[in-house]
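Undergrad: Handing you this structure, nothing more for now.
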Amino acid sequence: MKAMLSTAVGGPETLELTELPDPEPKKGELIVRVRAAGVNFPDTLMIRDLYQMKPPRPFAPGGEIAGDVVAIGEGVSGFEVGDRVLALTGHGGFATHLGLKAANAIKIPDAMPYEDAACFIFTYGTSHYALKDRAQIQPGESLLILGAAGGVGVAAIELGKAAGAKVIAAVSSEEKGEFCRQVGADEVIVYPRKMDRDAQKVLSGEIKKLAGPDGVDVVYDAVGGDYAEPALRSLAWKGRFLVVGFPAGIPKIPLNLTLLKGSQIVGVFWGAHVFREPQAHAENMGDLFQLYATGKVKPQISARFLLTDAPAALEMMQDRKVMGKVVITLD
């Protein structure tokens with residue numbers, strides 16, 4: 001097998017394509033021939049030791065995969081060699097073969113291609129959990145998405161529309177804004193890449209203008225940094241502010257705003273939810289497969305890379321140039 005390994009702390013340029021012995025299944029495991037691997041922002045953090053989970057080196061990044069079962073370990077039932085599966089792996093996905101716990105594998109619907117399957121669970125799982133379970137979004141409410149052109153942002157657009165919300169996509173360029181309109185956003189705000197105090201006031205005013213004088217009901221913040229406060233200031237009474245990610249840095253929030261608006265700041269740690277609440281996660285995946293089958297959600301894949309070009313895929317992700325999803329193909 002071959003794997004793109006992180007052997008030292010650093011950026012994508014430190015990854016090394018390495019040949020390794022093929023894995024053997026342990027008790028309770030499947031060996032999967034990886035056909036596609038999704039690329040996500042945590043991959044860029046993990047190789048720098050900046051993510052919550054720090055796997056021992058050497059390791060391959062890649063937190064979600066799709067492929068074929070090629071070997072089955074002792075004690076595993078419900079799977080056969082040849083089954084098409086997807087899985088949330090945490091890391092290890094940038095490889096031709098991967099051993100994983102059978103409990104983490106999910107069979108892929110017949111109509112779902114490997115690329116869609118590999119770009120499905122992380123972004124749609126995160127955004128569905130955020131909007132359904134954490135925000136409890138309702139039809140007719142307004143939803144502001146910061147970083148709306150990224151993977152989780154695009155998923156939030158589709159899921160927000162499926163839930164009957166008015167979706168306002170906030171992005172850093174006109175090109176990204178047009179992309180979000182095509183995905184289904186009702187309104188678009190283009191914010192500057194550098195956010196000073198004056199720009200924060202302008203952004204908050206634009207949000208209120210589009211959401212209505214009462215403000216926005218739900219903020220989905222996948223950006224952080226100086227963008228968080230103006231979004232929080234635009235919340236309606238009893239609004240919900242979803243904390244999803246921090247590519248622009250961890251924000252400092254004046255908590256008096258939550259008192260004045262009766263609002264909630266709600267953490268969205270989907271990875272912990274998956275492992276702590278497996279039954280709820282399984283129910284959410286059933287929801288998502290149904291939404292996919294009816295055409296209400298579909299991964300918007302904007303770039304494809306071979307395993308040998310995985311560093312370039314991570315560079316695109318860390319530079320915030322991605323619209324929708326990026327996938328590594330291994331066929």
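Labels used: A, B, ... for chains in the order of the structure tokens, numbers from 1 for residues in each chain, and numbers from 1 for ligands as shown.
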When you look at A:Ala117 with a cut-off of 8 Å (counting only C-alpha atoms), what residues show up, excluding the ones that are within fewer than 4 positions of it in the same chain? I need them as a PyMOL selection string.
TA: chain A and resi 65-66+86+108+112-113+121
Undergrad: Take the residues that were just selected and, keeping N, CA, C and O atoms, output them as a JSON list (two decimals), in the first residue's frame.
TA:
[["chain", "number", "residue", "atom", "x", "y", "z"],
["A", 65, "ILE", "N", -13.35, 8.78, 4.26],
["A", 65, "ILE", "CA", -13.00, 8.00, 3.06],
["A", 65, "ILE", "C", -14.22, 7.27, 2.53],
["A", 65, "ILE", "O", -15.23, 7.12, 3.21],
["A", 66, "ALA", "N", -14.07, 6.79, 1.31],
["A", 66, "ALA", "CA", -15.03, 5.85, 0.72],
["A", 66, "ALA", "C", -14.24, 4.82, -0.06],
["A", 66, "ALA", "O", -13.21, 5.14, -0.68],
["A", 86, "LEU", "N", -18.45, 4.04, 3.39],
["A", 86, "LEU", "CA", -17.79, 5.29, 3.75],
["A", 86, "LEU", "C", -17.51, 5.23, 5.25],
["A", 86, "LEU", "O", -18.09, 4.43, 5.97],
["A", 108, "ILE", "N", -22.62, 2.39, 1.60],
["A", 108, "ILE", "CA", -22.98, 3.49, 0.70],
["A", 108, "ILE", "C", -24.20, 3.09, -0.12],
["A", 108, "ILE", "O", -24.26, 1.98, -0.66],
["A", 112, "MET", "N", -24.85, 6.32, -4.94],
["A", 112, "MET", "CA", -23.88, 7.33, -4.50],
["A", 112, "MET", "C", -22.48, 6.97, -4.99],
["A", 112, "MET", "O", -21.91, 5.96, -4.56],
["A", 113, "PRO", "N", -21.87, 7.80, -5.85],
["A", 113, "PRO", "CA", -20.50, 7.54, -6.30],
["A", 113, "PRO", "C", -19.51, 7.67, -5.14],
["A", 113, "PRO", "O", -19.79, 8.32, -4.12],
["A", 121, "ILE", "N", -19.84, 12.72, 4.72],
["A", 121, "ILE", "CA", -20.11, 12.54, 6.15],
["A", 121, "ILE", "C", -19.62, 13.71, 6.99],
["A", 121, "ILE", "O", -20.29, 14.15, 7.92]]
Undergrad: Extract the full set of strand (DSSP E or B) residues from stretch 97-318 of chain A according to DSSP on the backbone, and format it as a PyMOL selection string.
TA: chain A and resi 97-101+105-107+142-146+166-171+187-190+216-221+235-243+264-267+301-306
Undergrad: Have a look at A:Pro12, A:Pro139, A:Gly28, A:Pro299 and name the one nearest to A:Gly75; count only C-alpha atoms.
TA: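 Closest residue, counting only C-alpha atoms: A:Gly28.
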Undergrad: For the interface of stretch 164-234 of chain A with stretch 268-272 of chain A (cut-off 12 Å, counting only C-alpha atoms), please tabulate each contacting residue of stretch 164-234 of chain A alongside its nearest pair of atoms and their separation in Å to one decimal, rows sorted by chain and increasing number, as a Markdown table.
TA:
| residue | atom | partner | partner_atom | distance |
| --- | --- | --- | --- | --- |
| A:Tyr220 | CA | A:Val268 | CA | 9.7 |
| A:Asp221 | CA | A:Val268 | CA | 9.9 |
| A:Ala222 | CA | A:Val268 | CA | 10.1 |
Undergrad: Identify, on the basis of only C-alpha atoms, every residue whose closest approach to stretch 29-37 of chain A does not exceed 6 Å; exclude the query and any residue fewer than 3 positions from it along the same chain; express the result as a PyMOL selection string.
TA: chain A and resi 25-26+64-73+93+96-102+115+118+327-331
Undergrad: From stretch 74-207 of chain A, collect each residue whose DSSP state is helix (DSSP H, G or I) and return the set as a PyMOL selection string.
TA: chain A and resi 102-104+114-118+121-134+151-162+174-183+197-207
Undergrad: For atom CA of A:Leu20 and atom CA of A:Met1, quote the distance in Å rounded to one decimal.
TA: 5.4 Å
Undergrad: Which one of A:Ala130, A:Val216, A:Lys107, A:Met195 sits closest to A:Val167 if you count only C-alpha atoms?
TA: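 Of A:Ala130, A:Val216, A:Lys107, A:Met195, the one nearest A:Val167, counting only C-alpha atoms, is A:Val216.
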Undergrad: Which of these, A:Ala169, A:Val243, A:Ala155, A:Ile47, has the shortest distance to A:Glu315 once you count only C-alpha atoms?
TA: A:Ile47
Undergrad: May I ask for the distance between atom CA of A:Val183 and atom CA of A:Ala303, given in Å to one decimal place?
TA: 16.2 Å
